[in-house]
Amino acid sequence: MIAQEIMAKVDQNGNISLETPLIVNKPSRVKLIVLFIEDELDEDDESKESVLEGLKISLQEAKAGKVHPISELWEGIDVE
């Protein structure tokens, strides 16, 4: 089997329309597996804005010299 990933839309009647055509060498039979993209975030997921803000703060702290040696990062973590 050869796989292609392509985006499509499903209408209210369950019909699928491809956003771009498939690349084919000849007409053939295909197996279709549909993966639905979830519109809402999981409760545990942070928003993009929250992650970006955290990265900005971390970068500012690193530039200001507020860093710790890597050896200290493992202190207090129990590894079995």
# chains A, B, ... in the order shown; residues from 1 in each chain; ligands from 1
$ residues_around --residues "Ile23 in chain A" --least-positions-apart "5" --cutoff "12 Å" --atoms "only C-alpha atoms" --output "PyMOL selection string"
chain A and resi 2-6+18+28
$ write_last_selection --atoms "all heavy atoms" --output "PDB file, in the first residue's frame"
ATOM      1  N   ILE A   2       0.391   2.278  -0.611  1.00  0.00           N
ATOM      2  CA  ILE A   2       1.033   3.589  -0.627  1.00  0.00           C
ATOM      3  C   ILE A   2       0.079   4.547   0.071  1.00  0.00           C
ATOM      4  O   ILE A   2      -1.126   4.527  -0.181  1.00  0.00           O
ATOM      5  CB  ILE A   2       1.290   4.064  -2.077  1.00  0.00           C
ATOM      6  CG1 ILE A   2       2.258   3.111  -2.769  1.00  0.00           C
ATOM      7  CG2 ILE A   2       1.820   5.486  -2.076  1.00  0.00           C
ATOM      8  CD1 ILE A   2       2.424   3.385  -4.235  1.00  0.00           C
ATOM      9  N   ALA A   3       0.605   5.376   0.959  1.00  0.00           N
ATOM     10  CA  ALA A   3      -0.236   6.302   1.727  1.00  0.00           C
ATOM     11  C   ALA A   3      -0.040   7.732   1.255  1.00  0.00           C
ATOM     12  O   ALA A   3       1.065   8.133   0.886  1.00  0.00           O
ATOM     13  CB  ALA A   3       0.097   6.204   3.208  1.00  0.00           C
ATOM     14  N   GLN A   4      -1.110   8.483   1.269  1.00  0.00           N
ATOM     15  CA  GLN A   4      -1.076   9.926   1.032  1.00  0.00           C
ATOM     16  C   GLN A   4      -1.892  10.575   2.133  1.00  0.00           C
ATOM     17  O   GLN A   4      -2.942  10.070   2.513  1.00  0.00           O
ATOM     18  CB  GLN A   4      -1.701  10.294  -0.317  1.00  0.00           C
ATOM     19  CG  GLN A   4      -0.898   9.878  -1.513  1.00  0.00           C
ATOM     20  CD  GLN A   4      -1.533  10.404  -2.798  1.00  0.00           C
ATOM     21  OE1 GLN A   4      -2.090  11.508  -2.828  1.00  0.00           O
ATOM     22  NE2 GLN A   4      -1.462   9.607  -3.847  1.00  0.00           N
ATOM     23  N   GLU A   5      -1.383  11.681   2.650  1.00  0.00           N
ATOM     24  CA  GLU A   5      -2.143  12.435   3.645  1.00  0.00           C
ATOM     25  C   GLU A   5      -2.692  13.667   2.969  1.00  0.00           C
ATOM     26  O   GLU A   5      -1.961  14.412   2.321  1.00  0.00           O
ATOM     27  CB  GLU A   5      -1.250  12.832   4.821  1.00  0.00           C
ATOM     28  CG  GLU A   5      -2.011  13.555   5.908  1.00  0.00           C
ATOM     29  CD  GLU A   5      -1.154  13.832   7.128  1.00  0.00           C
ATOM     30  OE1 GLU A   5      -0.171  13.107   7.348  1.00  0.00           O
ATOM     31  OE2 GLU A   5      -1.478  14.780   7.859  1.00  0.00           O
ATOM     32  N   ILE A   6      -3.976  13.883   3.112  1.00  0.00           N
ATOM     33  CA  ILE A   6      -4.612  15.017   2.448  1.00  0.00           C
ATOM     34  C   ILE A   6      -5.758  15.506   3.336  1.00  0.00           C
ATOM     35  O   ILE A   6      -6.408  14.710   4.017  1.00  0.00           O
ATOM     36  CB  ILE A   6      -5.125  14.612   1.046  1.00  0.00           C
ATOM     37  CG1 ILE A   6      -5.608  15.802   0.268  1.00  0.00           C
ATOM     38  CG2 ILE A   6      -6.181  13.552   1.131  1.00  0.00           C
ATOM     39  CD1 ILE A   6      -5.784  15.514  -1.203  1.00  0.00           C
ATOM     40  N   LEU A  18     -12.374  16.471  -0.955  1.00  0.00           N
ATOM     41  CA  LEU A  18     -10.943  16.689  -0.771  1.00  0.00           C
ATOM     42  C   LEU A  18     -10.603  18.146  -1.047  1.00  0.00           C
ATOM     43  O   LEU A  18     -11.144  18.756  -1.970  1.00  0.00           O
ATOM     44  CB  LEU A  18     -10.145  15.785  -1.705  1.00  0.00           C
ATOM     45  CG  LEU A  18     -10.409  14.286  -1.588  1.00  0.00           C
ATOM     46  CD1 LEU A  18      -9.574  13.533  -2.609  1.00  0.00           C
ATOM     47  CD2 LEU A  18     -10.139  13.789  -0.188  1.00  0.00           C
ATOM     48  N   SER A  28      -7.681   3.644  -9.433  1.00  0.00           N
ATOM     49  CA  SER A  28      -7.538   2.445  -8.608  1.00  0.00           C
ATOM     50  C   SER A  28      -8.492   2.499  -7.421  1.00  0.00           C
ATOM     51  O   SER A  28      -9.047   3.542  -7.096  1.00  0.00           O
ATOM     52  CB  SER A  28      -6.092   2.304  -8.127  1.00  0.00           C
ATOM     53  OG  SER A  28      -5.706   3.447  -7.405  1.00  0.00           O
TER      54      SER A  28
END
$ select_by_dssp --residues "chain A" --states "helix (DSSP H, G or I)" --output "list of chain:residue names"
A:Lys48, A:Glu49, A:Ser50, A:Val51, A:Leu52, A:Glu53, A:Gly54, A:Leu55, A:Lys56, A:Ile57, A:Ser58, A:Leu59, A:Gln60, A:Glu61, A:Ala62, A:Lys63, A:Ile70, A:Ser71, A:Glu72, A:Leu73
$ closest_residue --among "A:Ile16, A:Trp74, A:Glu46, A:Leu59" --to "Leu32 in chain A" --atoms "only C-alpha atoms"
A:Ile16
$ select_by_dssp --residues "chain A" --states "strand (DSSP E)" --output "PyMOL selection string"
chain A and resi 8-10+16-18
$ atom_distance --atom1 "CA of Glu38 in chain A" --atom2 "CA of Asp11 in chain A"
15.6 Å
$ atom_distance --atom1 "CA of Gly14 in chain A" --atom2 "CA of Pro27 in chain A"
23.4 Å
$ decode --residues "range 25-72 of chain A" --atoms "N, CA and C atoms" --output "CSV table (one decimal), in the first residue's frame"
chain,number,residue,atom,x,y,z
A,25,ASN,N,-1.4,7.6,-10.4
A,25,ASN,CA,-0.8,7.2,-11.7
A,25,ASN,C,-1.9,6.6,-12.6
A,26,LYS,N,-2.9,5.9,-12.0
A,26,LYS,CA,-3.9,5.3,-12.7
A,26,LYS,C,-5.1,5.2,-11.8
A,27,PRO,N,-6.3,5.1,-12.3
A,27,PRO,CA,-7.5,4.9,-11.5
A,27,PRO,C,-7.3,3.6,-10.7
A,28,SER,N,-7.7,3.6,-9.4
A,28,SER,CA,-7.5,2.4,-8.6
A,28,SER,C,-8.5,2.5,-7.4
A,29,ARG,N,-8.6,1.4,-6.8
A,29,ARG,CA,-9.4,1.3,-5.6
A,29,ARG,C,-8.6,1.7,-4.4
A,30,VAL,N,-9.2,2.4,-3.4
A,30,VAL,CA,-8.5,2.9,-2.2
A,30,VAL,C,-9.2,2.5,-0.9
A,31,LYS,N,-8.4,2.4,0.1
A,31,LYS,CA,-9.0,2.2,1.5
A,31,LYS,C,-8.9,3.6,2.2
A,32,LEU,N,-10.0,4.0,2.7
A,32,LEU,CA,-10.1,5.3,3.3
A,32,LEU,C,-10.2,5.2,4.9
A,33,ILE,N,-9.3,5.8,5.6
A,33,ILE,CA,-9.3,5.9,7.0
A,33,ILE,C,-9.5,7.4,7.4
A,34,VAL,N,-10.6,7.7,8.1
A,34,VAL,CA,-10.9,9.1,8.5
A,34,VAL,C,-10.5,9.4,9.9
A,35,LEU,N,-9.7,10.4,10.1
A,35,LEU,CA,-9.2,10.9,11.4
A,35,LEU,C,-9.9,12.3,11.6
A,36,PHE,N,-10.7,12.4,12.6
A,36,PHE,CA,-11.4,13.7,12.8
A,36,PHE,C,-10.5,14.5,13.7
A,37,ILE,N,-10.3,15.8,13.3
A,37,ILE,CA,-9.5,16.8,14.1
A,37,ILE,C,-10.5,17.4,15.1
A,38,GLU,N,-10.0,17.3,16.4
A,38,GLU,CA,-10.8,17.8,17.5
A,38,GLU,C,-10.7,19.3,17.5
A,39,ASP,N,-11.8,20.0,17.5
A,39,ASP,CA,-11.8,21.5,17.6
A,39,ASP,C,-11.5,22.1,18.9
A,40,GLU,N,-11.8,21.3,20.0
A,40,GLU,CA,-11.6,21.8,21.3
A,40,GLU,C,-10.3,21.2,21.9
A,41,LEU,N,-9.7,22.0,22.8
A,41,LEU,CA,-8.5,21.5,23.5
A,41,LEU,C,-8.9,20.6,24.7
A,42,ASP,N,-8.0,19.7,25.0
A,42,ASP,CA,-8.2,18.9,26.2
A,42,ASP,C,-8.0,19.8,27.4
A,43,GLU,N,-8.6,19.4,28.5
A,43,GLU,CA,-8.5,20.2,29.7
A,43,GLU,C,-7.1,20.4,30.1
A,44,ASP,N,-6.2,19.4,29.9
A,44,ASP,CA,-4.8,19.5,30.3
A,44,ASP,C,-4.0,20.3,29.3
A,45,ASP,N,-4.4,20.6,28.1
A,45,ASP,CA,-3.7,21.3,27.1
A,45,ASP,C,-3.7,22.8,27.5
A,46,GLU,N,-2.5,23.4,27.3
A,46,GLU,CA,-2.4,24.9,27.5
A,46,GLU,C,-2.7,25.6,26.2
A,47,SER,N,-3.2,26.8,26.3
A,47,SER,CA,-3.4,27.5,25.0
A,47,SER,C,-2.0,27.9,24.4
A,48,LYS,N,-2.0,28.2,23.1
A,48,LYS,CA,-0.8,28.6,22.5
A,48,LYS,C,-0.3,29.9,23.1
A,49,GLU,N,-1.2,30.8,23.5
A,49,GLU,CA,-0.8,32.0,24.0
A,49,GLU,C,-0.1,31.8,25.4
A,50,SER,N,-0.6,30.9,26.2
A,50,SER,CA,0.0,30.6,27.5
A,50,SER,C,1.4,30.0,27.3
A,51,VAL,N,1.6,29.0,26.4
A,51,VAL,CA,2.9,28.4,26.1
A,51,VAL,C,3.9,29.5,25.6
A,52,LEU,N,3.4,30.3,24.7
A,52,LEU,CA,4.3,31.4,24.2
A,52,LEU,C,4.7,32.3,25.3
A,53,GLU,N,3.8,32.7,26.1
A,53,GLU,CA,4.2,33.6,27.2
A,53,GLU,C,5.2,33.0,28.2
A,54,GLY,N,5.0,31.7,28.5
A,54,GLY,CA,6.0,30.9,29.3
A,54,GLY,C,7.4,30.9,28.7
A,55,LEU,N,7.4,30.7,27.4
A,55,LEU,CA,8.7,30.7,26.7
A,55,LEU,C,9.4,32.1,26.7
A,56,LYS,N,8.6,33.1,26.5
A,56,LYS,CA,9.1,34.5,26.6
A,56,LYS,C,9.7,34.8,28.0
A,57,ILE,N,9.0,34.4,29.0
A,57,ILE,CA,9.5,34.6,30.4
A,57,ILE,C,10.8,33.8,30.6
A,58,SER,N,10.8,32.5,30.1
A,58,SER,CA,12.0,31.7,30.3
A,58,SER,C,13.2,32.3,29.6
A,59,LEU,N,13.0,32.8,28.4
A,59,LEU,CA,14.1,33.4,27.6
A,59,LEU,C,14.6,34.7,28.3
A,60,GLN,N,13.7,35.5,28.9
A,60,GLN,CA,14.1,36.7,29.6
A,60,GLN,C,14.9,36.3,30.8
A,61,GLU,N,14.5,35.3,31.6
A,61,GLU,CA,15.2,34.8,32.7
A,61,GLU,C,16.6,34.3,32.3
A,62,ALA,N,16.7,33.6,31.2
A,62,ALA,CA,18.0,33.0,30.8
A,62,ALA,C,18.9,34.2,30.4
A,63,LYS,N,18.4,35.2,29.7
A,63,LYS,CA,19.2,36.4,29.3
A,63,LYS,C,19.7,37.1,30.6
A,64,ALA,N,18.9,37.1,31.6
A,64,ALA,CA,19.2,37.8,32.9
A,64,ALA,C,20.1,37.0,33.8
A,65,GLY,N,20.5,35.8,33.3
A,65,GLY,CA,21.4,35.0,34.1
A,65,GLY,C,20.7,34.2,35.2
A,66,LYS,N,19.4,34.1,35.2
A,66,LYS,CA,18.7,33.4,36.2
A,66,LYS,C,18.6,31.9,35.7
A,67,VAL,N,19.7,31.2,35.7
A,67,VAL,CA,19.8,29.8,35.3
A,67,VAL,C,20.4,29.0,36.4
A,68,HIS,N,20.2,27.7,36.2
A,68,HIS,CA,20.7,26.7,37.2
A,68,HIS,C,21.5,25.7,36.5
A,69,PRO,N,22.6,25.2,37.0
A,69,PRO,CA,23.3,24.1,36.4
A,69,PRO,C,22.4,22.9,36.2
A,70,ILE,N,22.7,22.2,35.1
A,70,ILE,CA,21.8,21.0,34.7
A,70,ILE,C,21.8,20.0,35.9
A,71,SER,N,22.9,19.9,36.6
A,71,SER,CA,23.0,18.9,37.7
A,71,SER,C,22.0,19.2,38.8
A,72,GLU,N,21.6,20.4,38.9
A,72,GLU,CA,20.6,20.8,40.0
A,72,GLU,C,19.2,20.4,39.6
